[in-house]
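The structure appears right after this line, and notes come after that.
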Amino acid sequence: AVFPLAGVVQSYAWGKVGLESEVAKLVASSDPLVHIEPDQPYAELWMGAHPKGDAVIRDNRVGQQTLSQWIADNPGCLGAKVKDTFGGRLPFLFKVLSVNTALSIQAHPSKELAAKLHAQFPEHYPDTNHKPEMAVALTPFEGLCGFRPVEEIVSFLQSVPELRALIGDVAAEQLERSVSDDPRGVSAALRVCFTRMMKSEKKFFVDQLNMLVKRISQEAAEGKDLSGNNGDLLLRLHSQYPGDIGCFTIYFLNLVRLEPGEAMFLGANEPHAYLHGDCVELMACSDNTVRAGLTPKFIDVLTLCEMLNYTPAPSSSKIFPATQSPLDPSVYLYDPPVPDFTLMRIEIPSSIKLYLVSAVDSASILLVIQGTAVGTSTAAASEMTLRRGSVVFISANESISLHLSSPDGMLLFRACCLL
């Protein structure tokens with residue numbers, strides 16, 4: 001089967017508002033009857049079978065109302081391998097995110113840790129699955145990801161006395177000495193420093209943060225260069241989350257800037273936070289997030305500090321490469337080191353008027369970012385008009401022919417599971 005879907009919009013406070021949001025623009029383009037509220041945040045568009053946001057089937061010839069109902073009644077649509085491996089469930093959730101203010105400093109547990117956390121604290125960790133994520137920028141996108149090279153952290157320890165005060169001289173000097181050490185010594189020293197900072201007493205770190213913000217604000221007013229203390233980002237995060245320990249994490253974590261089409265992959269135990277921009281995101285089906293700052297939600301500093309991967313690496317290494325498909329030059333694959341999902345970016349040039357979205361042995365979800373076409377398929381009840389914001393479910397081993405009608409080609413993203 002092949003049928004159109006309506007994704008579910010989630011209005012979280014951190015989302016971009018009105019038509020500043022890529023989520024809102026996509027929804028409005030795909031359905032002219034939708035009214036976009038100018039001051040409402042349109043944070044996420046969920047395209048999948050998640051119980052908290054189950055996509056609605058937009059085809060009145062299909063008996064089921066939602067995607068999860070359809071998959072439950074037709075598990076063969078997943079493809080034999082996917083059905084057997086993931087117990088008859090769609091193994092991924094596909095999203096669009098429009099981020100206006102920072103999302104929490106967080107990491108996602110491995111499967112082993114998820115099972116343990118769920119058994120101990122089921123109200124905070126609702127399932128036993130891991131939650132790897134892939135984000136591909138639709139507009140220039142900023143996030144924090146992974147620990148910076150130690151040399152950068154040490155230089156902040158020297159130029160930001162308030163940070164050093166939180167960590168203490170003993171731990172700071174251990175990190176400074178570790179630069180010439182073997183990687184294990186570096187990771188151990190980094191763990192001590194980060195944990196000391198995250199566990200520092202609230203009144204103490206709020207005082208230090210206020211001193212730092214005051215000092216940097218004065219430097220900014222005097223027109224000084226703030227790059228040595230990451231001042232611009234500190235002031236921005238502090239304005240969003242005043243008095244939050246998460247503001248200090250910018251001295252430990254890489255600031256990663258993605259251009260449209262560039263990606264970040266967030267595996268288990270990788271510290272990260274999305275800061276600003278629009279992206280498509282593909283992730284395993286789980287709600288397990290361990291948070292430690294920049295959030296009003298439940299914070300679990302001890303678990304986070306214990307689980308993190310303390311291997312420093314430059315920010316450039318956090319950009320996940322897409323590989324052009326040897327079978328189809330229009331397809332770029334983002335294939336992460338987890339079985340749950342693969343993402344394809346499909347760029348159809350304007351010279352091509354007929355394009356085949358080829359069959360794969362997995363259910364997939366197709367999202368149109370730009371361009372228009374009429375889609376036909378032996379598995380669809382009728383032809384479908386595809387435009388910006390259209391979402392289509394494609395059963396395993398089904399294909400769609402696109403008859404392009406836009407002069408400037410098309411850009412599509414396709415989520416699937418290639419086992």
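Numbering starts fresh at 1 for the residues of each chain in the structure tokens, the chains themselves are lettered A, B, ... in the order given, and ligands are numbered from 1 as they appear.
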Assign secondary structure with DSSP using the backbone only, and return the residues of stretch 1-57 of chain A in alpha helix (DSSP H) as a list in words.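 Reading the DSSP output for stretch 1-57 of chain A, alpha helix (DSSP H) covers Glu22, Val23, Ala24, Lys25, Leu26, Val27, Ala28, Ser29 and Ser30 of chain A.
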For the residues in the current selection, export N, CA, C and O atoms as a compact mmCIF listing (two decimals), in the first residue's frame.
# COMPACT_ATOMS: atom_id res chain seq x y z
N GLU A 22 9.59 26.20 10.27
CA GLU A 22 9.56 25.31 9.10
C GLU A 22 8.42 24.29 9.23
O GLU A 22 7.78 23.93 8.25
N VAL A 23 8.16 23.85 10.46
CA VAL A 23 7.04 22.93 10.70
C VAL A 23 5.73 23.57 10.23
O VAL A 23 4.95 22.95 9.49
N ALA A 24 5.49 24.81 10.65
CA ALA A 24 4.25 25.50 10.27
C ALA A 24 4.18 25.70 8.76
O ALA A 24 3.13 25.51 8.13
N LYS A 25 5.33 26.06 8.15
CA LYS A 25 5.33 26.29 6.69
C LYS A 25 4.99 25.01 5.94
O LYS A 25 4.24 25.03 4.96
N LEU A 26 5.56 23.88 6.37
CA LEU A 26 5.29 22.61 5.70
C LEU A 26 3.82 22.21 5.83
O LEU A 26 3.18 21.79 4.86
N VAL A 27 3.29 22.36 7.05
CA VAL A 27 1.89 21.99 7.29
C VAL A 27 0.95 22.88 6.47
O VAL A 27 0.00 22.40 5.84
N ALA A 28 1.24 24.19 6.44
CA ALA A 28 0.39 25.12 5.69
C ALA A 28 0.46 24.86 4.19
O ALA A 28 -0.55 24.97 3.48
N SER A 29 1.66 24.49 3.68
CA SER A 29 1.81 24.22 2.25
C SER A 29 1.04 22.97 1.84
O SER A 29 0.48 22.90 0.76
N SER A 30 1.05 21.96 2.73
CA SER A 30 0.44 20.68 2.34
C SER A 30 -1.07 20.73 2.49
O SER A 30 -1.79 19.97 1.86
Strand (DSSP E or B) per DSSP on the backbone: members of stretch 158-334 of chain A, as a PyMOL selection string: chain A and resi 253-258+263-266+272-284+290-293+319-320+323-324+331-334
Fewer than 2 positions away in the same chain doesn't count, so skip those; otherwise give me all residues within 8 Å of stretch 17-19 of chain A, counting only C-alpha atoms, as a list in words.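 The filter keeps Gly15, Ser21, Glu22, Ala24, Lys25, Ile36, Glu37, Pro38, Asp39, Gln40, Pro41, Tyr42 and Ala43 of chain A.
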Go ahead and write the selection's residues with all heavy atoms as an mmCIF file, in the first residue's frame.
data_model
loop_
_atom_site.group_PDB
_atom_site.id
_atom_site.type_symbol
_atom_site.label_atom_id
_atom_site.label_comp_id
_atom_site.auth_asym_id
_atom_site.auth_seq_id
_atom_site.Cartn_x
_atom_site.Cartn_y
_atom_site.Cartn_z
ATOM 1 N N GLY A 15 9.742 25.989 20.530
ATOM 2 C CA GLY A 15 9.601 25.995 19.069
ATOM 3 C C GLY A 15 9.530 27.398 18.483
ATOM 4 O O GLY A 15 9.189 28.373 19.159
ATOM 5 N N SER A 21 8.363 29.187 11.630
ATOM 6 C CA SER A 21 8.663 27.770 11.843
ATOM 7 C C SER A 21 8.547 26.989 10.544
ATOM 8 O O SER A 21 7.555 27.078 9.831
ATOM 9 C CB SER A 21 7.677 27.207 12.878
ATOM 10 O OG SER A 21 7.632 25.803 12.806
ATOM 11 N N GLU A 22 9.591 26.199 10.273
ATOM 12 C CA GLU A 22 9.560 25.310 9.104
ATOM 13 C C GLU A 22 8.419 24.293 9.233
ATOM 14 O O GLU A 22 7.779 23.933 8.246
ATOM 15 C CB GLU A 22 10.912 24.595 8.991
ATOM 16 C CG GLU A 22 11.162 23.884 7.680
ATOM 17 C CD GLU A 22 11.358 24.815 6.482
ATOM 18 O OE1 GLU A 22 11.621 26.023 6.674
ATOM 19 O OE2 GLU A 22 11.237 24.317 5.356
ATOM 20 N N ALA A 24 5.490 24.811 10.650
ATOM 21 C CA ALA A 24 4.254 25.500 10.272
ATOM 22 C C ALA A 24 4.184 25.696 8.755
ATOM 23 O O ALA A 24 3.130 25.506 8.134
ATOM 24 C CB ALA A 24 4.167 26.851 10.990
ATOM 25 N N LYS A 25 5.326 26.062 8.145
ATOM 26 C CA LYS A 25 5.330 26.287 6.689
ATOM 27 C C LYS A 25 4.988 25.007 5.937
ATOM 28 O O LYS A 25 4.236 25.029 4.957
ATOM 29 C CB LYS A 25 6.706 26.788 6.233
ATOM 30 C CG LYS A 25 7.014 28.221 6.639
ATOM 31 C CD LYS A 25 8.384 28.594 6.073
ATOM 32 C CE LYS A 25 9.026 29.710 6.854
ATOM 33 N NZ LYS A 25 10.434 29.873 6.536
ATOM 34 N N ILE A 36 -2.599 28.882 10.501
ATOM 35 C CA ILE A 36 -1.399 28.997 11.346
ATOM 36 C C ILE A 36 -1.559 30.194 12.284
ATOM 37 O O ILE A 36 -1.752 31.324 11.831
ATOM 38 C CB ILE A 36 -0.127 29.160 10.474
ATOM 39 C CG1 ILE A 36 0.053 27.958 9.535
ATOM 40 C CG2 ILE A 36 1.107 29.365 11.357
ATOM 41 C CD1 ILE A 36 0.283 26.627 10.215
ATOM 42 N N GLU A 37 -1.486 29.932 13.587
ATOM 43 C CA GLU A 37 -1.583 31.012 14.581
ATOM 44 C C GLU A 37 -0.243 31.743 14.665
ATOM 45 O O GLU A 37 0.789 31.116 14.894
ATOM 46 C CB GLU A 37 -1.904 30.417 15.968
ATOM 47 C CG GLU A 37 -3.209 29.645 16.040
ATOM 48 C CD GLU A 37 -4.425 30.560 16.050
ATOM 49 O OE1 GLU A 37 -4.246 31.785 16.253
ATOM 50 O OE2 GLU A 37 -5.537 30.054 15.826
ATOM 51 N N PRO A 38 -0.252 33.064 14.489
ATOM 52 C CA PRO A 38 1.034 33.784 14.413
ATOM 53 C C PRO A 38 1.865 33.748 15.691
ATOM 54 O O PRO A 38 3.080 33.896 15.643
ATOM 55 C CB PRO A 38 0.620 35.231 14.073
ATOM 56 C CG PRO A 38 -0.839 35.317 14.370
ATOM 57 C CD PRO A 38 -1.410 33.937 14.238
ATOM 58 N N ASP A 39 1.227 33.532 16.869
ATOM 59 C CA ASP A 39 2.027 33.549 18.099
ATOM 60 C C ASP A 39 2.092 32.177 18.775
ATOM 61 O O ASP A 39 2.501 32.055 19.924
ATOM 62 C CB ASP A 39 1.488 34.595 19.090
ATOM 63 C CG ASP A 39 -0.031 34.489 19.225
ATOM 64 O OD1 ASP A 39 -0.621 33.551 18.622
ATOM 65 O OD2 ASP A 39 -0.631 35.335 19.920
ATOM 66 N N GLN A 40 1.717 31.141 18.021
ATOM 67 C CA GLN A 40 1.739 29.778 18.560
ATOM 68 C C GLN A 40 3.064 29.110 18.166
ATOM 69 O O GLN A 40 3.495 29.225 17.020
ATOM 70 C CB GLN A 40 0.556 29.011 17.941
ATOM 71 C CG GLN A 40 0.605 27.509 18.047
ATOM 72 C CD GLN A 40 -0.163 27.011 19.266
ATOM 73 O OE1 GLN A 40 -0.705 27.792 20.015
ATOM 74 N NE2 GLN A 40 -0.173 25.721 19.444
ATOM 75 N N PRO A 41 3.752 28.401 19.109
ATOM 76 C CA PRO A 41 4.970 27.693 18.684
ATOM 77 C C PRO A 41 4.634 26.402 17.919
ATOM 78 O O PRO A 41 3.793 25.612 18.373
ATOM 79 C CB PRO A 41 5.676 27.373 20.009
ATOM 80 C CG PRO A 41 4.606 27.370 21.043
ATOM 81 C CD PRO A 41 3.495 28.258 20.561
ATOM 82 N N TYR A 42 5.270 26.230 16.778
ATOM 83 C CA TYR A 42 5.135 24.996 15.989
ATOM 84 C C TYR A 42 6.496 24.314 16.065
ATOM 85 O O TYR A 42 7.390 24.584 15.261
ATOM 86 C CB TYR A 42 4.736 25.316 14.551
ATOM 87 C CG TYR A 42 3.315 25.850 14.452
ATOM 88 C CD1 TYR A 42 3.037 27.187 14.705
ATOM 89 C CD2 TYR A 42 2.256 25.010 14.134
ATOM 90 C CE1 TYR A 42 1.734 27.678 14.638
ATOM 91 C CE2 TYR A 42 0.950 25.487 14.070
ATOM 92 C CZ TYR A 42 0.693 26.826 14.324
ATOM 93 O OH TYR A 42 -0.599 27.293 14.270
ATOM 94 N N ALA A 43 6.681 23.444 17.071
ATOM 95 C CA ALA A 43 8.017 22.939 17.408
ATOM 96 C C ALA A 43 8.383 21.693 16.613
ATOM 97 O O ALA A 43 9.485 21.590 16.084
ATOM 98 C CB ALA A 43 8.096 22.646 18.897
#
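Across A:Asn254, A:Thr342, A:Thr195, A:Thr311, the tightest approach to A:Met283 is made by A:Thr342 when counting only C-alpha atoms.
If only C-alpha atoms are the atoms counted, then among A:Asp225, A:Leu90, A:Pro312, A:Glu133 the closest residue to A:Ala189 is A:Pro312.
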Near A:Val99, counting only C-alpha atoms, which residues have an atom at most 6 Å away, once you skip same-chain residues fewer than 2 positions from it, shown as number ranges by chain? A: 15-16, 101, 276-277
Convert the current residue selection to file output with N, CA, C and O atoms, as a CSV table (one decimal), in the first residue's frame.
chain,number,residue,atom,x,y,z
A,15,GLY,N,9.7,26.0,20.5
A,15,GLY,CA,9.6,26.0,19.1
A,15,GLY,C,9.5,27.4,18.5
A,15,GLY,O,9.2,28.4,19.2
A,16,LYS,N,9.8,27.5,17.2
A,16,LYS,CA,9.6,28.8,16.5
A,16,LYS,C,8.1,29.0,16.3
A,16,LYS,O,7.4,28.1,16.2
A,101,THR,N,14.5,28.4,20.9
A,101,THR,CA,15.3,28.4,22.1
A,101,THR,C,15.9,27.1,22.4
A,101,THR,O,15.3,26.0,22.0
A,276,HIS,N,19.4,26.1,17.8
A,276,HIS,CA,18.6,26.9,17.0
A,276,HIS,C,18.6,26.4,15.5
A,276,HIS,O,19.6,25.9,15.1
A,277,GLY,N,17.5,26.5,14.9
A,277,GLY,CA,17.4,26.2,13.4
A,277,GLY,C,16.3,25.1,13.2
A,277,GLY,O,15.6,24.7,14.1
Mind checking which residues fall within 10 Å of stretch 255-257 of chain A, counting only C-alpha atoms, ignoring those fewer than 6 positions away in the same chain, and posting them as a PDB file with N, CA, C and O atoms, in the first residue's frame?
ATOM      1  N   ALA A 137      20.125  19.252   8.752  1.00  0.00           N
ATOM      2  CA  ALA A 137      19.696  20.651   8.722  1.00  0.00           C
ATOM      3  C   ALA A 137      18.858  20.964   7.483  1.00  0.00           C
ATOM      4  O   ALA A 137      19.206  20.561   6.371  1.00  0.00           O
ATOM      5  N   PRO A 140      20.251  26.819   8.289  1.00  0.00           N
ATOM      6  CA  PRO A 140      21.453  26.787   9.127  1.00  0.00           C
ATOM      7  C   PRO A 140      21.068  26.402  10.562  1.00  0.00           C
ATOM      8  O   PRO A 140      20.124  26.955  11.127  1.00  0.00           O
ATOM      9  N   PHE A 141      21.788  25.412  11.122  1.00  0.00           N
ATOM     10  CA  PHE A 141      21.365  24.776  12.368  1.00  0.00           C
ATOM     11  C   PHE A 141      22.529  24.736  13.338  1.00  0.00           C
ATOM     12  O   PHE A 141      23.658  24.456  12.944  1.00  0.00           O
ATOM     13  N   GLU A 142      22.248  25.031  14.607  1.00  0.00           N
ATOM     14  CA  GLU A 142      23.293  25.034  15.630  1.00  0.00           C
ATOM     15  C   GLU A 142      22.958  24.056  16.737  1.00  0.00           C
ATOM     16  O   GLU A 142      21.811  24.011  17.202  1.00  0.00           O
ATOM     17  N   GLY A 143      23.969  23.331  17.185  1.00  0.00           N
ATOM     18  CA  GLY A 143      23.770  22.451  18.330  1.00  0.00           C
ATOM     19  C   GLY A 143      25.069  22.282  19.095  1.00  0.00           C
ATOM     20  O   GLY A 143      26.156  22.633  18.610  1.00  0.00           O
ATOM     21  N   LEU A 144      24.957  21.763  20.308  1.00  0.00           N
ATOM     22  CA  LEU A 144      26.132  21.335  21.071  1.00  0.00           C
ATOM     23  C   LEU A 144      26.222  19.833  20.927  1.00  0.00           C
ATOM     24  O   LEU A 144      25.197  19.142  20.975  1.00  0.00           O
ATOM     25  N   CYS A 145      27.426  19.310  20.727  1.00  0.00           N
ATOM     26  CA  CYS A 145      27.545  17.863  20.532  1.00  0.00           C
ATOM     27  C   CYS A 145      28.936  17.365  20.895  1.00  0.00           C
ATOM     28  O   CYS A 145      29.929  17.799  20.311  1.00  0.00           O
ATOM     29  N   GLY A 146      29.007  16.453  21.866  1.00  0.00           N
ATOM     30  CA  GLY A 146      30.276  15.810  22.207  1.00  0.00           C
ATOM     31  C   GLY A 146      31.253  16.753  22.898  1.00  0.00           C
ATOM     32  O   GLY A 146      31.110  17.977  22.862  1.00  0.00           O
ATOM     33  N   PHE A 147      32.266  16.180  23.542  1.00  0.00           N
ATOM     34  CA  PHE A 147      33.252  16.985  24.261  1.00  0.00           C
ATOM     35  C   PHE A 147      34.277  17.585  23.303  1.00  0.00           C
ATOM     36  O   PHE A 147      34.752  16.928  22.383  1.00  0.00           O
ATOM     37  N   ARG A 148      34.597  18.850  23.565  1.00  0.00           N
ATOM     38  CA  ARG A 148      35.592  19.570  22.767  1.00  0.00           C
ATOM     39  C   ARG A 148      36.974  18.936  22.937  1.00  0.00           C
ATOM     40  O   ARG A 148      37.221  18.255  23.936  1.00  0.00           O
ATOM     41  N   ASN A 230      33.606  32.551  24.761  1.00  0.00           N
ATOM     42  CA  ASN A 230      32.339  32.061  24.193  1.00  0.00           C
ATOM     43  C   ASN A 230      31.173  32.942  24.658  1.00  0.00           C
ATOM     44  O   ASN A 230      30.063  32.463  24.900  1.00  0.00           O
ATOM     45  N   LEU A 233      27.397  33.206  22.984  1.00  0.00           N
ATOM     46  CA  LEU A 233      26.535  32.055  23.245  1.00  0.00           C
ATOM     47  C   LEU A 233      26.122  32.017  24.717  1.00  0.00           C
ATOM     48  O   LEU A 233      24.962  31.720  25.042  1.00  0.00           O
ATOM     49  N   ALA A 263      24.574  16.807   8.515  1.00  0.00           N
ATOM     50  CA  ALA A 263      23.900  16.027   9.554  1.00  0.00           C
ATOM     51  C   ALA A 263      24.755  15.851  10.798  1.00  0.00           C
ATOM     52  O   ALA A 263      25.985  15.920  10.751  1.00  0.00           O
ATOM     53  N   MET A 264      24.074  15.596  11.920  1.00  0.00           N
ATOM     54  CA  MET A 264      24.703  15.165  13.168  1.00  0.00           C
ATOM     55  C   MET A 264      24.082  13.828  13.538  1.00  0.00           C
ATOM     56  O   MET A 264      22.856  13.681  13.454  1.00  0.00           O
ATOM     57  N   HIS A 272      24.496  16.290  24.178  1.00  0.00           N
ATOM     58  CA  HIS A 272      24.121  17.190  23.091  1.00  0.00           C
ATOM     59  C   HIS A 272      22.988  18.117  23.517  1.00  0.00           C
ATOM     60  O   HIS A 272      22.304  17.877  24.514  1.00  0.00           O
ATOM     61  N   ALA A 273      22.787  19.164  22.735  1.00  0.00           N
ATOM     62  CA  ALA A 273      21.636  20.044  22.887  1.00  0.00           C
ATOM     63  C   ALA A 273      21.437  20.737  21.546  1.00  0.00           C
ATOM     64  O   ALA A 273      22.412  21.183  20.929  1.00  0.00           O
ATOM     65  N   TYR A 274      20.201  20.806  21.086  1.00  0.00           N
ATOM     66  CA  TYR A 274      19.904  21.601  19.893  1.00  0.00           C
ATOM     67  C   TYR A 274      19.714  23.052  20.348  1.00  0.00           C
ATOM     68  O   TYR A 274      19.036  23.305  21.345  1.00  0.00           O
ATOM     69  N   LEU A 275      20.304  23.996  19.607  1.00  0.00           N
ATOM     70  CA  LEU A 275      20.251  25.398  20.025  1.00  0.00           C
ATOM     71  C   LEU A 275      19.323  26.240  19.161  1.00  0.00           C
ATOM     72  O   LEU A 275      18.532  27.025  19.666  1.00  0.00           O
ATOM     73  N   HIS A 276      19.435  26.086  17.835  1.00  0.00           N
ATOM     74  CA  HIS A 276      18.618  26.947  16.963  1.00  0.00           C
ATOM     75  C   HIS A 276      18.616  26.419  15.535  1.00  0.00           C
ATOM     76  O   HIS A 276      19.632  25.936  15.052  1.00  0.00           O
ATOM     77  N   GLY A 277      17.474  26.543  14.859  1.00  0.00           N
ATOM     78  CA  GLY A 277      17.395  26.191  13.443  1.00  0.00           C
ATOM     79  C   GLY A 277      16.315  25.142  13.190  1.00  0.00           C
ATOM     80  O   GLY A 277      15.605  24.721  14.106  1.00  0.00           O
ATOM     81  N   PRO A 314      37.232  17.064  17.785  1.00  0.00           N
ATOM     82  CA  PRO A 314      36.925  18.390  17.229  1.00  0.00           C
ATOM     83  C   PRO A 314      35.494  18.449  16.678  1.00  0.00           C
ATOM     84  O   PRO A 314      34.914  17.428  16.313  1.00  0.00           O
ATOM     85  N   SER A 315      34.942  19.663  16.629  1.00  0.00           N
ATOM     86  CA  SER A 315      33.542  19.816  16.193  1.00  0.00           C
ATOM     87  C   SER A 315      33.345  19.307  14.758  1.00  0.00           C
ATOM     88  O   SER A 315      32.284  18.785  14.428  1.00  0.00           O
ATOM     89  N   SER A 316      34.393  19.432  13.917  1.00  0.00           N
ATOM     90  CA  SER A 316      34.254  18.978  12.520  1.00  0.00           C
ATOM     91  C   SER A 316      33.949  17.487  12.450  1.00  0.00           C
ATOM     92  O   SER A 316      33.256  17.020  11.530  1.00  0.00           O
ATOM     93  N   SER A 317      34.422  16.722  13.465  1.00  0.00           N
ATOM     94  CA  SER A 317      34.206  15.275  13.427  1.00  0.00           C
ATOM     95  C   SER A 317      32.770  14.911  13.793  1.00  0.00           C
ATOM     96  O   SER A 317      32.361  13.759  13.671  1.00  0.00           O
ATOM     97  N   LYS A 318      31.993  15.900  14.254  1.00  0.00           N
ATOM     98  CA  LYS A 318      30.610  15.639  14.652  1.00  0.00           C
ATOM     99  C   LYS A 318      29.645  15.783  13.474  1.00  0.00           C
ATOM    100  O   LYS A 318      28.449  15.545  13.616  1.00  0.00           O
ATOM    101  N   ILE A 319      30.163  16.210  12.321  1.00  0.00           N
ATOM    102  CA  ILE A 319      29.301  16.312  11.131  1.00  0.00           C
ATOM    103  C   ILE A 319      29.298  14.954  10.440  1.00  0.00           C
ATOM    104  O   ILE A 319      30.346  14.436  10.058  1.00  0.00           O
TER     105      ILE A 319
END
Distance of atom CA of A:Ser104 from atom CA of A:Leu367, expressed in Å to one decimal place: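 Separation of atom CA of A:Leu367 and atom CA of A:Ser104: 26.8 Å.
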List as a list of chain:residue names the protein and nucleic acid residues near stretch 83-85 of chain A, meaning an atom at most 12 Å away when only C-alpha atoms are counted, but skip any in the same chain fewer than 2 places from it.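 In the requested format, the answer is A:Ile71, A:Ala72, A:Asn74, A:Pro75, A:Gly76, A:Cys77, A:Leu78, A:Gly79, A:Ala80, A:Lys81, A:Gly87, A:Gly88, A:Arg89, A:Leu90, A:Pro91, A:Pro339, A:Asp340, A:Asp361, A:Ser362, A:Ala363, A:Ser395, A:Ala396, A:Cys417, A:Leu418, A:Leu419.
For A:Cys305, the non-local neighbours within 9 Å, defined as residues at least 6 positions apart in the same chain or in other chains and counting only C-alpha atoms, are Arg191, Phe194, Thr195, Met198 and Ala292 of chain A.
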Can I get the selection written as a compact mmCIF listing (two decimals), in the first residue's frame, with N, CA, C and O atoms?
# COMPACT_ATOMS: atom_id res chain seq x y z
N ARG A 191 36.05 13.61 32.94
CA ARG A 191 34.88 13.15 33.71
C ARG A 191 34.84 13.84 35.08
O ARG A 191 33.79 14.31 35.52
N PHE A 194 33.91 17.67 34.58
CA PHE A 194 32.52 17.88 34.17
C PHE A 194 31.56 17.54 35.32
O PHE A 194 30.61 18.27 35.59
N THR A 195 31.85 16.44 36.01
CA THR A 195 30.98 16.00 37.11
C THR A 195 31.01 17.02 38.26
O THR A 195 29.98 17.35 38.83
N MET A 198 28.86 19.95 37.17
CA MET A 198 27.42 19.67 37.13
C MET A 198 26.84 19.45 38.53
O MET A 198 25.67 19.67 38.76
N ALA A 292 20.21 17.27 32.04
CA ALA A 292 21.00 17.83 33.14
C ALA A 292 21.05 19.35 33.16
O ALA A 292 21.74 19.92 33.98
Return the single residue from A:Ser390, A:Ser200, A:Ser351, A:Asn129 that is closest to A:Leu163, with distances computed using only C-alpha atoms. A:Ser200
Given only C-alpha atoms as the basis, pick out the residue of A:Ile167, A:Leu282, A:Ala322, A:Ile216 nearest to A:Leu45.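 Of all the options, A:Leu282 lies closest to A:Leu45.
Nearest to A:Val331 of all the residues A:Val357, A:Ala379, A:Leu237, A:Ile105 is A:Val357, based on only C-alpha atoms.
Computed from the coordinates, the atom CA of A:Phe156 to atom CA of A:Ser178 distance equals 15.3 Å.
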What does the distance from atom CA of A:Cys247 to atom CA of A:Ala188 come to in Å, to one decimal?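 Separating atom CA of A:Cys247 from atom CA of A:Ala188 is a distance of 22.6 Å.
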List as a tab-separated table every residue of stretch 263-302 of chain A that is in contact with stretch 46-66 of chain A, defined as an atom at most 12 Å from one of its atoms (using only C-alpha atoms), together with the nearest atom pair and the distance in Å rounded to one decimal, sorted by chain and then rising number.
residue	atom	partner	partner_atom	distance
A:Val280	CA	A:Trp46	CA	10.1
A:Glu281	CA	A:Trp46	CA	9.5
A:Leu282	CA	A:Met47	CA	9.7
A:Met283	CA	A:Gly48	CA	10.6
A:Ala284	CA	A:His50	CA	10.5
A:Cys285	CA	A:His50	CA	7.3
A:Ser286	CA	A:His50	CA	8.9
A:Asp287	CA	A:His50	CA	10.0
Mind dumping the selected residues with N, CA and C atoms as a compact mmCIF listing (two decimals), in the first residue's frame?
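Resulting contents of out.txt:
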# COMPACT_ATOMS: atom_id res chain seq x y z
N VAL A 280 15.31 18.02 9.82
CA VAL A 280 14.55 16.77 9.90
C VAL A 280 15.32 15.89 10.87
N GLU A 281 14.58 15.10 11.65
CA GLU A 281 15.21 14.23 12.63
C GLU A 281 14.63 12.83 12.48
N LEU A 282 15.52 11.86 12.55
CA LEU A 282 15.08 10.47 12.50
C LEU A 282 15.68 9.77 13.71
N MET A 283 14.84 8.99 14.42
CA MET A 283 15.29 8.43 15.68
C MET A 283 14.63 7.08 15.93
N ALA A 284 15.25 6.31 16.83
CA ALA A 284 14.62 5.06 17.27
C ALA A 284 13.41 5.40 18.14
N CYS A 285 12.45 4.49 18.21
CA CYS A 285 11.23 4.75 18.98
C CYS A 285 11.49 4.57 20.47
N SER A 286 11.69 5.69 21.15
CA SER A 286 11.91 5.65 22.59
C SER A 286 11.67 7.04 23.13
N ASP A 287 11.34 7.13 24.41
CA ASP A 287 11.21 8.43 25.07
C ASP A 287 12.27 8.59 26.16
Pick from A:Asp31, A:Glu201, A:Glu398, A:Glu347: nearest to A:Ala1, with only C-alpha atoms counted? A:Glu398
